[in-house]
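S.K.: The structure is given below, and queries will be raised subsequently.
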Amino acid sequence: MIDTHSFARPHEARVTDLHLDLRVDFPRQRVIGRVSLTLDRAAASTALVLDTRDLLVHAAADGDGRPLTFTLGARDPILGSALEIALPPGATLVHIDYETTTGASALQWLAPRQTAGQRHPFLYSQGQAILTRTWIPTQDSPGIRQTYSARITVPRDLTAVMSAESLTPTGIDIEGGRTFEFRMREAIPPYLIAIAVGELGFAPLGPRSGVYAEPATLEAARSEFADVEQMIDAAERLLGPYQWGRYDVLVLPPSFPFGGMENPRVTFATPTILAGDRSLVSLIAHELAHSWSGNLVTNATWRDFWLNEGVTTYVESRIMEALHGPVHADMLQVLSRRELLDEIDRLGGPSSPDTILHVDLAGRDPDEGATRIPYDKGAALMTLLEHHVGRARFDAYLRGYFERYAFQSIVTGTFVDDLRRQLLDERPGAFETLRLHAWIFEPGLPDNAIATHSTLLENVAADAEAFTSGAAASSLQAAADWNTQEWLHFLNVLPATLTPRQLDDLDATFGLSARRNSEVLFAWLRIAIRHHYPAAMPAVERFLTTQGRRKFLRPLYEDLMASAWGSATARRIYASARLTYHAVAVHTLDAIVA
Ligand code: BES
Ligand code: ZN
């Protein structure tokens with residue numbers, strides 16, 4: 001198994017544990033301190049090779065404090081620089097004194113005015129896919145699992161949260177700050193090491209779940225996520241015991257570039273899912289599902305990313321079905337299939353190599369693999385298998401899969417072998433009949449994908465059709481009761497071209513530009529931009545400047561940049577908003593707007 005996105009040579013010396021002793025320095029926007037790495041090494045090996053990017057390495061020493069020589073390799077723009085440390089015979093502990101630089105893409109430093117409370121700064125990290133190396137020098141490959149512990153010193157008024165058990169919930173006051181200690185006893189891939197520091201409150205949701213958020217956001221978050229404990233129960237019934245102790249959600253300030261990130265014990269989430277009506281909480285089901293698919297059984301390289309996201313998207317749907325029934329789950333499935341077909345188009349059609357589950361990412365940023373393909377095509381493959389063997393048998397298989405590979409990182413080939421041996425063993429020829437090789441190693445969506453139907457959404461589509469053929473928006477009686485998913489479907493199936501009168505009618509009747517639901521607003525704003533509809537432009541500008549979720553930003557900027565009409569506006573908005581976005585979003589958007 002070769003990870004083309006890491007410099008590490010784990011067969012020579014492998015990191016098995018890391019301890020962080022770091023100070024979070026807000027005025028200078030850096031973390032500074034020491035990491036201590038415990039190694040599993042071959043007796044004859046003479047070097048430890050780590051991944052770094054944009055770190056300032058001050059010194060290296062062995063367990064007895066004897067200095068070690070080190071060299072930093074040439075900087076690759078994607079991978080960063082290999083840090084090679086000379087290993088004396090027998091050494092199994094290495095200390096590195098270092099600090100981060102302003103180039104640390106994993107970290108976002110927020111000024112007080114970028115937070116809800118406006119009084120304190122905020123810091124959070126995003127490790128996936130290969131950004132942990134920008135704030136911790138370690139072997140940053142998902143195939144090299146590590147336990148970790150940390151001692152983090154922050155300014156007195158702030159709280160530190162990590163993806164690990166907290167040993168000091170309220171912190172310990174020390175000279176010039178407050179210290180928090182953490183311990184993760186399970187070996188995890190390094191992309192799951194995460195930190196957040198800010199003015200944070202906490203509210204319990206259930207006996208083993210809760211929510212962290214800025215005080216101003218805490219109550220909204222608590223009420224939105226009231227079903228979390230039920231979700232954990234549903235996931236356990238399906239997949240086996242939850243292995244991480246607590247499950248908390250941390251609601252970040254709005255610049256967080258993702259919807260959610262499955263950091264163990266504490267999912268990081270965007271506040272844009274706080275819709276007020278719990279209609280966007282499938283995102284929490286998704287991040288929770290990663291506690292099995294992703295965190296317990298992990299993709300060993302970024303080529304195998306679909307093992308994380310495909311299985312998770314399937315489980316997400318099963319959790320939603322358990323909580324809200326098949327009618328609701330079917331709506332989510334139809335929306336997901338549509339996104340998949342749109343994505344295949346966007347990636348160049350059904351023969352594009354980027355529509356392969358086992359996608360080739362060598363020489364590219366693994367971020368480029370984060371399309372809808374691993375999610376929705378991966379989930380469609382799981383659904384196909386479920387239908388083929390029946391739900392009871394498939395569920396037993398899934399449970400067994402998580403038992404067999406718990407706390408391991410696996411490649412696609414291991415999954416395929418396991419599938420053949422454990423699920424399809426009594427069905428000779430099933431692998432070929434189901435065309436599983438094509439599903440996993442070839443582009444496009446095979447035509448034996450299980451079709452998805454939702455009567456509710458078919459009704460909505462009929463209303464969209466009526467509107468398109470000239471009916472007034474006010475004549476769509478059912479719209480008064482549409483939920484979020486029905487609204488999304490209605491907007492998605494409208495034709496490519498509407499008249500200015502129809503746009504006015506929609507906006508005036510349904511108040512679309514003033515929607516607070518981020519997904520519905522986003523779907524509407526895309527339509528508005530496509531039509532150069534001026535009345536929605538204030539809403540476009542507000543949305544682009546008040547949240548930083550890449551999934552929303554990228555299509556809106558792309559749509560704006562597609563015409564002379566929008567590109568000047570996009571450039572103007574981006575010129576100031578860029579400073580408020582996370583590096584991950586900036587990286588994507590620079591290529592679009594710059
Ligand atoms: N693990 C991903 C986020 C991610 C993927 C970060 C790749 C960096 C690289 C997370 O579980 C996820 O998929 N989040 C989605 C939401 C989900 C409901 C589809 C997101 O952020 O949009
Ligand atoms: Zn995910």
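The way I read the labels, and the way they are meant: chains A, B, ... in the order of the structure tokens, residue 1 as the first residue of every chain, and ligand 1 as the first ligand shown, with later ones counted on from there.
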Can you tell me, as a list in words, what residues are no more than 7 Å from region 210-215 of chain A when counting only C-alpha atoms, ignoring any on the same chain fewer than 2 positions away?
M.R.: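 Close residues of region 210-215 of chain A: Ala116, Gly117, Glu199, Leu200, Gly201, Phe202, Ala203, Pro204, Leu205, Gly206, Thr217, Leu218, Arg222, Tyr247, Asp248, Val249, Leu250, Val251 and Leu252 of chain A.
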S.K.: How would the residues just chosen look if you wrote them out with C-alpha atoms as a PDB file, in the first residue's frame?
M.R.:
```pdb
ATOM      1  CA  ALA A 116     -20.831  35.464  17.178  1.00  0.00           C
ATOM      2  CA  GLY A 117     -19.777  36.897  20.543  1.00  0.00           C
ATOM      3  CA  GLU A 199     -15.240  31.329  24.040  1.00  0.00           C
ATOM      4  CA  LEU A 200     -17.254  28.115  24.178  1.00  0.00           C
ATOM      5  CA  GLY A 201     -20.274  27.027  26.151  1.00  0.00           C
ATOM      6  CA  PHE A 202     -21.563  23.487  26.477  1.00  0.00           C
ATOM      7  CA  ALA A 203     -25.060  22.000  26.698  1.00  0.00           C
ATOM      8  CA  PRO A 204     -25.795  18.297  27.206  1.00  0.00           C
ATOM      9  CA  LEU A 205     -28.025  16.558  24.648  1.00  0.00           C
ATOM     10  CA  GLY A 206     -28.110  13.061  26.171  1.00  0.00           C
ATOM     11  CA  THR A 217     -25.332  30.157  19.396  1.00  0.00           C
ATOM     12  CA  LEU A 218     -25.624  27.520  22.103  1.00  0.00           C
ATOM     13  CA  ARG A 222     -29.055  22.558  21.486  1.00  0.00           C
ATOM     14  CA  TYR A 247     -20.234  12.094  20.949  1.00  0.00           C
ATOM     15  CA  ASP A 248     -20.338  15.889  20.996  1.00  0.00           C
ATOM     16  CA  VAL A 249     -20.907  18.438  18.248  1.00  0.00           C
ATOM     17  CA  LEU A 250     -18.926  21.674  18.115  1.00  0.00           C
ATOM     18  CA  VAL A 251     -20.659  24.438  16.176  1.00  0.00           C
ATOM     19  CA  LEU A 252     -17.983  26.645  14.678  1.00  0.00           C
TER      20      LEU A 252
END
```
S.K.: List the spatial neighbours of Ala111 (chain A) as a list of chain:residue names - criterion: any atom at most 9 Å away, only C-alpha atoms, same-chain residues fewer than 4 positions off excluded.
M.R.: A:Thr115, A:Gln118, A:Arg119, A:His120, A:Pro121, A:Phe122
S.K.: Find, counting only C-alpha atoms, the residue in A:Leu18, A:Leu434, A:Met537, A:Ile440 that gets nearest to Arg34 (chain A).
M.R.: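 Counting only C-alpha atoms, the residue closest to Arg34 (chain A) is A:Leu18.
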S.K.: Smallest atom-to-atom distance to ligand 2: which of A:Ala479, A:Ala471, A:Ala528, A:Leu283, using only C-alpha atoms and all ligand atoms?
M.R.: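 Distance minimum relative to ligand 2 lands on A:Leu283.
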S.K.: Which one is closest to Ser209 (chain A): A:Leu167, A:Leu158, A:Leu288, A:Leu579? Count only C-alpha atoms.
M.R.: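 Checking each candidate against Ser209 (chain A), we get A:Leu288 as the closest.
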S.K.: As a quick test: using only C-alpha atoms and all ligand atoms, which residues lie no more than 7 Å away from ligand 1? Give them as a count of residues only.
M.R.: 16
S.K.: Just the residues within 8 Å of Asp40 (chain A), please, counting only C-alpha atoms, with nothing from its chain fewer than 4 positions along; format it as number ranges by chain.
M.R.: A: 13-16, 92
S.K.: Take the residues that were just selected and, keeping all heavy atoms, output them as a short mmCIF file (atom, residue, chain, number, x, y, z; two decimals), in the first residue's frame.
M.R.:
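Result file is selection.cif:
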```cif
data_model
loop_
_atom_site.label_atom_id
_atom_site.label_comp_id
_atom_site.auth_asym_id
_atom_site.auth_seq_id
_atom_site.Cartn_x
_atom_site.Cartn_y
_atom_site.Cartn_z
N ALA A 13 10.75 3.53 10.09
CA ALA A 13 10.40 4.02 11.43
C ALA A 13 9.01 4.62 11.34
O ALA A 13 8.74 5.44 10.47
CB ALA A 13 11.40 5.06 11.90
N ARG A 14 8.15 4.20 12.25
CA ARG A 14 6.74 4.58 12.18
C ARG A 14 6.32 5.25 13.49
O ARG A 14 6.65 4.77 14.57
CB ARG A 14 5.94 3.30 11.93
CG ARG A 14 4.46 3.36 12.20
CD ARG A 14 3.85 1.96 12.18
NE ARG A 14 3.98 1.33 10.88
CZ ARG A 14 2.99 1.26 9.98
NH1 ARG A 14 1.80 1.76 10.26
NH2 ARG A 14 3.17 0.67 8.84
N VAL A 15 5.62 6.36 13.38
CA VAL A 15 5.11 7.04 14.57
C VAL A 15 3.90 6.26 15.09
O VAL A 15 2.96 5.99 14.35
CB VAL A 15 4.69 8.49 14.24
CG1 VAL A 15 4.03 9.15 15.45
CG2 VAL A 15 5.88 9.30 13.75
N THR A 16 3.92 5.92 16.39
CA THR A 16 2.78 5.20 16.97
C THR A 16 2.02 6.05 17.98
O THR A 16 0.87 5.77 18.29
CB THR A 16 3.22 3.91 17.68
OG1 THR A 16 4.16 4.25 18.70
CG2 THR A 16 3.85 2.94 16.68
N THR A 92 13.73 5.48 20.42
CA THR A 92 12.32 5.28 20.07
C THR A 92 11.46 6.47 20.48
O THR A 92 10.24 6.41 20.42
CB THR A 92 11.74 4.01 20.73
OG1 THR A 92 11.96 4.11 22.14
CG2 THR A 92 12.40 2.75 20.18
#
```
